[in-house]
file final_18.cif (mmCIF, C-alpha atoms and all ligand atoms)
data_data
loop_
_atom_site.label_atom_id
_atom_site.label_comp_id
_atom_site.auth_asym_id
_atom_site.auth_seq_id
_atom_site.Cartn_x
_atom_site.Cartn_y
_atom_site.Cartn_z
CA MET O 1 70.80 -52.34 -13.14
CA ASN O 2 70.37 -55.69 -11.39
CA ASP O 3 72.58 -58.68 -12.27
CA PRO O 4 70.30 -61.32 -13.90
CA ALA O 5 72.41 -64.06 -12.25
CA LEU O 6 71.40 -62.77 -8.82
CA PRO O 7 68.00 -63.36 -7.16
CA PRO O 8 65.56 -60.44 -7.57
CA PRO O 9 65.77 -57.75 -4.87
CA ARG O 10 63.47 -58.20 -1.87
CA PHE O 11 62.05 -54.73 -2.42
CA PRO O 12 61.76 -54.29 -6.19
CA SER O 13 61.96 -50.66 -7.19
CA ARG O 14 58.58 -49.11 -8.10
CA GLY O 15 60.00 -46.73 -10.68
CA GLY O 16 61.86 -49.16 -12.97
CA SER O 17 65.43 -50.45 -12.99
CA GLY O 18 66.91 -49.16 -16.26
CA LEU O 19 69.74 -46.70 -16.68
CA LEU O 20 67.31 -43.76 -16.94
CA ALA O 21 65.59 -44.88 -13.76
CA SER O 22 68.99 -45.02 -12.00
CA PHE O 23 69.66 -41.42 -13.02
CA ARG O 24 66.20 -40.44 -11.78
CA TYR O 25 66.84 -42.04 -8.37
CA ALA O 26 70.22 -40.30 -8.11
CA TRP O 27 68.61 -36.98 -9.07
CA THR O 28 65.87 -37.53 -6.47
CA GLY O 29 68.58 -38.21 -3.86
CA LEU O 30 70.39 -35.00 -4.77
CA ILE O 31 67.23 -32.87 -4.61
CA HIS O 32 66.13 -34.56 -1.36
CA THR O 33 69.47 -33.65 0.23
CA VAL O 34 69.16 -30.02 -0.90
CA VAL O 35 65.60 -29.80 0.43
CA HIS O 36 66.31 -31.46 3.79
CA GLN O 37 69.93 -30.63 4.68
CA ARG O 38 70.68 -27.05 5.67
CA ASN O 39 74.42 -27.56 5.15
CA MET O 40 73.82 -28.77 1.60
CA ARG O 41 71.98 -25.52 0.87
CA VAL O 42 74.92 -23.56 2.29
CA HIS O 43 77.30 -25.55 0.04
CA LEU O 44 75.07 -24.91 -2.96
CA VAL O 45 75.03 -21.12 -2.47
CA SER O 46 78.81 -21.16 -1.79
CA ALA O 47 79.30 -23.14 -5.02
CA VAL O 48 77.35 -20.45 -6.90
CA LEU O 49 79.78 -17.83 -5.54
CA VAL O 50 82.74 -19.98 -6.62
CA GLY O 51 81.11 -20.35 -10.06
CA LEU O 52 80.67 -16.58 -10.35
CA VAL O 53 84.32 -15.95 -9.44
CA GLY O 54 85.50 -18.70 -11.81
CA SER O 55 83.47 -17.32 -14.71
CA GLY O 56 84.61 -13.75 -13.99
CA ILE O 57 88.37 -14.18 -13.70
CA TRP O 58 90.66 -15.91 -16.18
CA LEU O 59 92.13 -18.94 -14.39
CA GLY O 60 94.46 -21.67 -15.64
CA LEU O 61 93.17 -25.17 -16.43
CA ALA O 62 94.73 -26.71 -13.30
CA GLU O 63 93.13 -24.03 -11.13
CA LYS O 64 89.72 -24.52 -12.73
CA VAL O 65 89.92 -28.29 -12.33
CA THR O 66 91.01 -27.95 -8.68
CA LEU O 67 88.14 -25.61 -7.80
CA ILE O 68 85.47 -27.66 -9.57
CA PHE O 69 86.83 -30.87 -8.07
CA CYS O 70 86.70 -29.33 -4.57
CA VAL O 71 83.09 -28.17 -5.07
CA MET O 72 82.01 -31.61 -6.32
CA LEU O 73 83.88 -33.32 -3.48
CA ILE O 74 82.03 -31.25 -0.88
CA PHE O 75 78.66 -32.10 -2.48
CA PHE O 76 79.68 -35.75 -2.54
CA ALA O 77 80.69 -35.70 1.14
CA GLU O 78 77.50 -33.91 2.22
CA ILE O 79 75.32 -36.36 0.29
CA LEU O 80 77.19 -39.30 1.88
CA ASN O 81 76.87 -37.63 5.29
CA SER O 82 73.13 -37.38 4.74
CA ALA O 83 72.97 -41.05 3.67
CA LEU O 84 74.86 -42.06 6.79
CA GLU O 85 72.54 -40.02 9.02
CA HIS O 86 69.55 -41.83 7.51
CA LEU O 87 71.25 -45.20 8.03
CA VAL O 88 72.03 -44.42 11.67
CA ASP O 89 68.46 -43.18 12.28
CA LEU O 90 67.18 -46.37 10.65
CA ALA O 91 69.32 -48.52 12.92
CA ILE O 92 68.65 -46.70 16.18
CA GLN O 93 66.02 -44.19 17.31
CA GLN O 94 67.30 -43.43 20.79
CA PHE O 95 70.50 -41.82 22.06
CA ASP O 96 73.51 -44.04 21.45
CA GLU O 97 77.19 -43.16 21.85
CA LYS O 98 78.17 -45.07 18.69
CA ALA O 99 75.43 -43.34 16.69
CA ARG O 100 76.76 -40.01 17.91
CA LEU O 101 80.35 -40.96 16.96
CA ALA O 102 79.27 -42.14 13.49
CA LYS O 103 77.32 -38.95 12.75
CA ASP O 104 80.00 -36.67 14.19
CA ALA O 105 82.74 -38.42 12.16
CA ALA O 106 80.75 -38.05 8.92
CA ALA O 107 80.08 -34.37 9.68
CA ALA O 108 83.81 -33.90 10.41
CA GLY O 109 84.64 -35.30 6.97
CA VAL O 110 82.50 -32.61 5.33
CA MET O 111 83.95 -29.89 7.56
CA VAL O 112 87.55 -30.83 6.71
CA LEU O 113 86.76 -30.73 2.99
CA ALA O 114 84.95 -27.40 3.27
CA LEU O 115 87.83 -25.82 5.21
CA GLY O 116 90.34 -27.19 2.69
CA THR O 117 88.31 -25.72 -0.17
CA VAL O 118 88.21 -22.28 1.48
CA VAL O 119 92.01 -22.41 1.87
CA ILE O 120 92.52 -23.51 -1.76
CA PHE O 121 90.10 -20.84 -3.01
CA ALA O 122 91.91 -18.12 -1.03
CA ALA O 123 95.32 -19.38 -2.21
CA LEU O 124 94.13 -19.30 -5.86
CA LEU O 125 92.90 -15.74 -5.51
CA VAL O 126 96.17 -14.63 -3.88
CA HIS O 127 98.19 -16.44 -6.56
CA ASN O 128 96.15 -14.70 -9.31
CA TRP O 129 95.99 -11.34 -7.56
CA GLU O 130 97.52 -9.58 -10.59
CA THR O 131 94.70 -10.97 -12.79
CA VAL O 132 92.12 -9.99 -10.16
CA LEU O 133 93.43 -6.39 -10.15
CA ASN O 134 93.34 -6.26 -13.97
CA SER O 135 89.77 -7.62 -14.18
CA GLY O 136 88.00 -4.58 -12.67
CA PRO O 137 85.18 -4.20 -15.25
CA GLN O 138 84.59 -7.96 -15.45
CA ILE O 139 84.43 -8.23 -11.63
CA ALA O 140 82.02 -5.25 -11.47
CA ARG O 141 79.81 -6.99 -14.04
CA GLN O 142 79.90 -10.27 -12.07
CA VAL O 143 78.89 -8.38 -8.90
CA VAL O 144 76.03 -6.48 -10.60
CA LEU O 145 74.60 -9.65 -12.19
CA GLY O 146 75.90 -12.20 -9.66
CA VAL O 147 74.41 -10.68 -6.49
CA PRO O 148 70.78 -10.82 -7.75
CA PHE O 149 71.53 -14.24 -9.29
CA THR O 150 72.73 -15.56 -5.91
CA ALA O 151 69.65 -13.98 -4.28
CA CYS O 152 67.39 -15.89 -6.74
CA ILE O 153 69.16 -19.19 -5.92
CA THR O 154 69.02 -18.50 -2.16
CA LEU O 155 65.31 -17.73 -2.39
CA LEU O 156 64.66 -20.96 -4.33
CA VAL O 157 66.38 -23.16 -1.71
CA LEU O 158 65.12 -21.23 1.33
CA PRO O 159 62.97 -23.57 3.50
CA ARG O 160 60.01 -21.17 3.79
CA ALA O 161 56.45 -21.54 2.51
CA ARG O 162 55.77 -19.01 -0.26
CA PRO O 163 53.45 -18.63 -3.24
CA ALA O 164 54.40 -20.60 -6.37
CA TRP O 165 54.73 -17.39 -8.40
CA VAL O 166 57.61 -16.23 -6.14
CA ASP O 167 59.55 -19.40 -6.98
CA GLY O 168 58.62 -19.00 -10.65
CA LEU O 169 59.81 -15.39 -10.67
CA ALA O 170 63.07 -16.33 -8.89
CA PHE O 171 63.73 -19.11 -11.40
CA VAL O 172 62.95 -16.99 -14.48
CA GLY O 173 65.01 -14.12 -13.02
CA GLY O 174 67.85 -16.59 -12.43
CA VAL O 175 67.66 -17.82 -16.05
CA VAL O 176 67.73 -14.26 -17.45
CA LEU O 177 70.71 -13.30 -15.24
CA MET O 178 72.43 -16.58 -16.16
CA VAL O 179 72.08 -15.81 -19.88
CA LEU O 180 73.51 -12.30 -19.31
CA LEU O 181 76.40 -13.77 -17.30
CA ALA O 182 77.06 -16.41 -19.97
CA MET O 183 77.30 -13.79 -22.73
CA ARG O 184 80.71 -12.64 -21.45
CA THR O 185 82.15 -15.44 -19.38
CA ALA O 186 85.79 -16.20 -18.68
CA SER O 187 85.02 -19.92 -18.40
CA SER O 188 82.18 -21.88 -19.98
CA VAL O 189 82.84 -24.71 -17.49
CA PHE O 190 82.11 -22.45 -14.49
CA THR O 191 79.11 -21.00 -16.33
CA ALA O 192 77.82 -24.55 -16.89
CA LEU O 193 78.37 -25.30 -13.19
CA THR O 194 76.40 -22.18 -12.20
CA ALA O 195 73.59 -23.03 -14.64
CA GLY O 196 73.46 -26.58 -13.22
CA LEU O 197 73.15 -25.18 -9.70
CA LEU O 198 70.23 -23.00 -10.83
CA VAL O 199 68.47 -26.09 -12.21
CA VAL O 200 69.09 -27.95 -8.91
CA ALA O 201 67.76 -24.98 -6.89
CA GLY O 202 64.66 -24.79 -9.12
CA ALA O 203 64.03 -28.52 -8.74
CA ALA O 204 64.47 -28.25 -4.94
CA ALA O 205 61.89 -25.42 -4.80
CA ARG O 206 59.49 -27.53 -6.84
CA GLU O 207 60.04 -30.59 -4.61
CA ARG O 208 59.47 -28.52 -1.45
CA ARG O 209 56.17 -27.20 -2.85
CA ARG O 210 55.15 -30.75 -3.79
CA MET O 211 55.91 -31.95 -0.26
CA LEU O 212 53.97 -29.08 1.32
CA GLY O 213 51.03 -29.83 -1.00
CA GLN O 214 51.12 -33.49 0.09
CA LYS O 215 51.23 -32.47 3.75
CA LYS O 216 48.12 -30.34 3.24
CA THR O 217 46.20 -33.12 1.46
CA GLY O 218 47.66 -35.82 3.74
CA ALA O 219 48.89 -37.89 0.73
CA SER O 220 51.76 -40.36 1.22
CA PRO O 221 55.03 -39.42 -0.54
CA VAL O 222 55.55 -43.03 -1.67
CA SER O 223 52.20 -43.29 -3.44
CA HIS O 224 52.97 -40.08 -5.35
CA ARG O 225 56.30 -41.31 -6.67
CA ALA O 226 55.04 -44.70 -7.78
N1 LIG V 301 70.94 -41.45 17.89
C1 LIG V 301 71.84 -40.55 18.32
N2 LIG V 301 72.58 -40.81 19.41
C2 LIG V 301 73.48 -39.93 19.88
N3 LIG V 301 73.75 -38.73 19.31
C3 LIG V 301 73.06 -38.40 18.21
C4 LIG V 301 72.07 -39.29 17.65
N4 LIG V 301 71.54 -38.67 16.56
C5 LIG V 301 72.18 -37.51 16.44
N5 LIG V 301 73.09 -37.32 17.41
C6 LIG V 301 73.98 -36.15 17.60
O1 LIG V 301 73.34 -35.00 17.07
C7 LIG V 301 74.11 -34.45 15.98
C8 LIG V 301 73.17 -33.96 14.89
O2 LIG V 301 72.51 -35.07 14.35
P1 LIG V 301 71.34 -34.98 13.30
O3 LIG V 301 70.89 -36.32 12.94
O4 LIG V 301 70.33 -33.98 13.77
O5 LIG V 301 72.11 -34.41 12.07
P2 LIG V 301 72.07 -32.98 11.42
O6 LIG V 301 71.65 -31.93 12.37
O7 LIG V 301 71.33 -33.11 10.15
O8 LIG V 301 73.65 -32.90 11.23
P3 LIG V 301 74.50 -32.24 10.11
O9 LIG V 301 74.64 -30.84 10.58
O10 LIG V 301 75.79 -33.00 10.11
O11 LIG V 301 73.75 -32.42 8.82
C9 LIG V 301 75.03 -35.59 15.54
O12 LIG V 301 76.21 -35.11 14.93
C10 LIG V 301 75.29 -36.32 16.84
O13 LIG V 301 76.31 -35.66 17.59
#

call {"tool": "encode", "arguments": {"input": "final_18.cif", "output": "structure tokens", "more": "lines below"}}
Ligand SMILES: Nc1ncnc2c1ncn2[C@@H]1O[C@H](COP(=O)(O)OP(=O)(O)OP(=O)(O)O)[C@@H](O)[C@H]1O
result
Amino acid sequence: MNDPALPPPRFPSRGGSGLLASFRYAWTGLIHTVVHQRNMRVHLVSAVLVGLVGSGIWLGLAEKVTLIFCVMLIFFAEILNSALEHLVDLAIQQFDEKARLAKDAAAAGVMVLALGTVVIFAALLVHNWETVLNSGPQIARQVVLGVPFTACITLLVLPRARPAWVDGLAFVGGVVLMVLLAMRTASSVFTALTAGLLVVAGAAARERRRMLGQKKTGASPVSHRA
């Protein structure tokens, strides 16, 4: 929301400036990053796997908070990395050593976080190994339902042209598997995380189709959003 004491922005937003509009812009930014950044798609599928483990094994509150915080931090870093890449590309279109350093540093930030999360995740599993060994049936259930669920999410975010019904089928399949997973979850927070990721993947598939449709008709993306 703009401060009324300040002069109006030079480029007033075309989609409104209220709180709802702010959420819509943030959502658009998130989906844009998933559609255009390969690493973001890798993080999303990895987060689904973390969600499936977290909703299959009983973990303590501190462990749950740590894992969810790590996942969110990686998303945050990747989104900022993407923003920085756009800023650098806006500032300079040719090869520049400083542009390279800026982009490499931002990418390094994401890499450090991702490596740290893998270490924390492994340490949590080792620390809870007794629980893991005693959760055989629950783990088997997570694998049986979780593998096709992850396949649905991967298909939705895959940057390949495909008929709309394939996306529709993947999304509906994901919802059905999600409901089955939620019926016997060890953590409603991880289940909510996984469900949220399905919604993001579905929205990314929809946005990709919209973009491809625009490319075919030659329409400008700005005019569509206005
Ligand atoms: N203008 C530039 N000048 C010099 N090097 C650049 C420039 N743009 C990109 N690079 C180099 O190419 C790499 C990839 O940059 P690019 O903009 O393609 O990001 P990306 O492939 O989306 O990266 P990421 O994998 O971090 O998302 C950068 O990390 C940097 O080393």

call {"tool": "residues_near_ligand", "arguments": {"input": "final_18.cif", "ligand": "ligand LIG 301 (chain V)", "cutoff": "10 Å", "atoms": "only C-alpha atoms and all ligand atoms", "output": "JSON, numbers by chain"}}
result
{"O": [33, 36, 37, 38, 39, 40, 78, 79, 81, 82, 84, 85, 86, 88, 89, 90, 91, 92, 93, 94, 95, 96, 97, 98, 99, 100, 101, 102, 103, 104, 105, 106, 107, 108, 109, 110, 111]}

call {"tool": "closest_atom_pairs", "arguments": {"input": "final_18.cif", "of": "range 112-191 of chain O", "to": "range 41-47 of chain O", "cutoff": "12 Å", "atoms": "all atoms listed in the file", "output": "tab-separated table"}}
result
residue	atom	partner	partner_atom	distance
O:Leu113	CA	O:His43	CA	11.2
O:Ala114	CA	O:His43	CA	8.5
O:Leu115	CA	O:His43	CA	11.7
O:Thr117	CA	O:Ala47	CA	10.6
O:Val118	CA	O:Ser46	CA	10.0
O:Phe121	CA	O:Ala47	CA	11.2
O:Gly146	CA	O:Val45	CA	11.5
O:Val147	CA	O:Val45	CA	11.2
O:Phe149	CA	O:Val45	CA	10.3
O:Thr150	CA	O:Val45	CA	6.9
O:Ala151	CA	O:Val45	CA	9.1
O:Cys152	CA	O:Val45	CA	10.2
O:Ile153	CA	O:Val45	CA	7.1
O:Thr154	CA	O:Val45	CA	6.6
O:Leu155	CA	O:Val45	CA	10.3
O:Leu156	CA	O:Arg41	CA	10.1
O:Val157	CA	O:Arg41	CA	6.6
O:Leu158	CA	O:Arg41	CA	8.1
O:Pro159	CA	O:Arg41	CA	9.6
O:Phe190	CA	O:Ala47	CA	9.9
O:Thr191	CA	O:Ala47	CA	11.5

call {"tool": "atom_distance", "arguments": {"input": "final_18.cif", "atom1": "CA of Trp129 in chain O", "atom2": "CA of Leu61 in chain O"}}
result
16.7 Å

call {"tool": "closest_residue", "arguments": {"input": "final_18.cif", "among": "O:Leu19, O:Pro148, O:Leu124, O:Leu52", "to": "Leu197 in chain O", "atoms": "all atoms listed in the file"}}
result
O:Leu52

call {"tool": "closest_residue", "arguments": {"input": "final_18.cif", "among": "O:Gly196, O:Gly136, O:Gly18, O:Gly60", "to": "Met178 in chain O", "atoms": "all atoms listed in the file"}}
result
O:Gly196

call {"tool": "closest_residue", "arguments": {"input": "final_18.cif", "among": "O:Val71, O:Val53, O:Met211, O:Met183", "to": "Gly116 in chain O", "atoms": "only C-alpha atoms"}}
result
O:Val71

call {"tool": "residues_around", "arguments": {"input": "final_18.cif", "residues": "Arg162 in chain O", "least_positions_apart": "3", "cutoff": "12 Å", "atoms": "all atoms listed in the file", "output": "PDB file with C-alpha atoms, keeping the file's coordinate frame"}}
result
ATOM      1  CA  LEU O 155      65.310 -17.730  -2.390  1.00  0.00           C
ATOM      2  CA  LEU O 156      64.660 -20.960  -4.330  1.00  0.00           C
ATOM      3  CA  VAL O 157      66.380 -23.160  -1.710  1.00  0.00           C
ATOM      4  CA  LEU O 158      65.120 -21.230   1.330  1.00  0.00           C
ATOM      5  CA  PRO O 159      62.970 -23.570   3.500  1.00  0.00           C
ATOM      6  CA  TRP O 165      54.730 -17.390  -8.400  1.00  0.00           C
ATOM      7  CA  VAL O 166      57.610 -16.230  -6.140  1.00  0.00           C
ATOM      8  CA  ASP O 167      59.550 -19.400  -6.980  1.00  0.00           C
ATOM      9  CA  GLY O 168      58.620 -19.000 -10.650  1.00  0.00           C
ATOM     10  CA  LEU O 169      59.810 -15.390 -10.670  1.00  0.00           C
ATOM     11  CA  ALA O 170      63.070 -16.330  -8.890  1.00  0.00           C
ATOM     12  CA  ALA O 205      61.890 -25.420  -4.800  1.00  0.00           C
ATOM     13  CA  ARG O 206      59.490 -27.530  -6.840  1.00  0.00           C
ATOM     14  CA  ARG O 208      59.470 -28.520  -1.450  1.00  0.00           C
ATOM     15  CA  ARG O 209      56.170 -27.200  -2.850  1.00  0.00           C
ATOM     16  CA  LEU O 212      53.970 -29.080   1.320  1.00  0.00           C
ATOM     17  CA  GLY O 213      51.030 -29.830  -1.000  1.00  0.00           C
TER      18      GLY O 213
END

call {"tool": "closest_residue", "arguments": {"input": "final_18.cif", "among": "O:Lys215, O:Ala203, O:Val144, O:Val176", "to": "Gly56 in chain O", "atoms": "all atoms listed in the file"}}
result
O:Val144

call {"tool": "closest_residue", "arguments": {"input": "final_18.cif", "among": "O:Pro137, O:Arg24, O:Ser188, O:Leu125", "to": "Gly51 in chain O", "atoms": "all atoms listed in the file"}}
result
O:Ser188

call {"tool": "closest_residue", "arguments": {"input": "final_18.cif", "among": "O:Leu80, O:Val50, O:Val126, O:Val35", "to": "Ile68 in chain O", "atoms": "all atoms listed in the file"}}
result
O:Val50

call {"tool": "atom_distance", "arguments": {"input": "final_18.cif", "atom1": "CA of Thr185 in chain O", "atom2": "CA of Ser55 in chain O"}}
result
5.2 Å

call {"tool": "atom_distance", "arguments": {"input": "final_18.cif", "atom1": "CA of Gly202 in chain O", "atom2": "CA of Phe171 in chain O"}}
result
6.2 Å

call {"tool": "build_atoms", "arguments": {"input": "final_18.cif", "residues": "range 40-52 of chain O", "atoms": "N, CA and C atoms", "output": "mmCIF file, in the frame of the given file"}}
result
data_model
loop_
_atom_site.group_PDB
_atom_site.id
_atom_site.type_symbol
_atom_site.label_atom_id
_atom_site.label_comp_id
_atom_site.auth_asym_id
_atom_site.auth_seq_id
_atom_site.Cartn_x
_atom_site.Cartn_y
_atom_site.Cartn_z
ATOM 1 N N MET O 40 73.762 -28.584 3.053
ATOM 2 C CA MET O 40 73.820 -28.770 1.600
ATOM 3 C C MET O 40 73.411 -27.482 0.894
ATOM 4 N N ARG O 41 72.423 -26.783 1.471
ATOM 5 C CA ARG O 41 71.980 -25.520 0.870
ATOM 6 C C ARG O 41 73.082 -24.468 0.988
ATOM 7 N N VAL O 42 73.794 -24.492 2.118
ATOM 8 C CA VAL O 42 74.920 -23.560 2.290
ATOM 9 C C VAL O 42 75.994 -23.867 1.246
ATOM 10 N N HIS O 43 76.296 -25.163 1.045
ATOM 11 C CA HIS O 43 77.300 -25.550 0.040
ATOM 12 C C HIS O 43 76.874 -25.118 -1.349
ATOM 13 N N LEU O 44 75.564 -25.253 -1.622
ATOM 14 C CA LEU O 44 75.070 -24.910 -2.960
ATOM 15 C C LEU O 44 75.261 -23.412 -3.237
ATOM 16 N N VAL O 45 74.879 -22.579 -2.263
ATOM 17 C CA VAL O 45 75.030 -21.120 -2.470
ATOM 18 C C VAL O 45 76.522 -20.764 -2.547
ATOM 19 N N SER O 46 77.355 -21.419 -1.724
ATOM 20 C CA SER O 46 78.810 -21.160 -1.790
ATOM 21 C C SER O 46 79.353 -21.568 -3.163
ATOM 22 N N ALA O 47 78.841 -22.681 -3.695
ATOM 23 C CA ALA O 47 79.300 -23.140 -5.020
ATOM 24 C C ALA O 47 78.923 -22.134 -6.100
ATOM 25 N N VAL O 48 77.756 -21.492 -5.939
ATOM 26 C CA VAL O 48 77.350 -20.450 -6.900
ATOM 27 C C VAL O 48 78.377 -19.307 -6.871
ATOM 28 N N LEU O 49 78.788 -18.921 -5.660
ATOM 29 C CA LEU O 49 79.780 -17.830 -5.540
ATOM 30 C C LEU O 49 81.097 -18.234 -6.196
ATOM 31 N N VAL O 50 81.512 -19.487 -5.979
ATOM 32 C CA VAL O 50 82.740 -19.980 -6.620
ATOM 33 C C VAL O 50 82.571 -19.935 -8.150
ATOM 34 N N GLY O 51 81.395 -20.358 -8.620
ATOM 35 C CA GLY O 51 81.110 -20.350 -10.060
ATOM 36 C C GLY O 51 81.174 -18.949 -10.631
ATOM 37 N N LEU O 52 80.658 -17.966 -9.867
ATOM 38 C CA LEU O 52 80.670 -16.580 -10.350
ATOM 39 C C LEU O 52 82.094 -16.041 -10.422
#
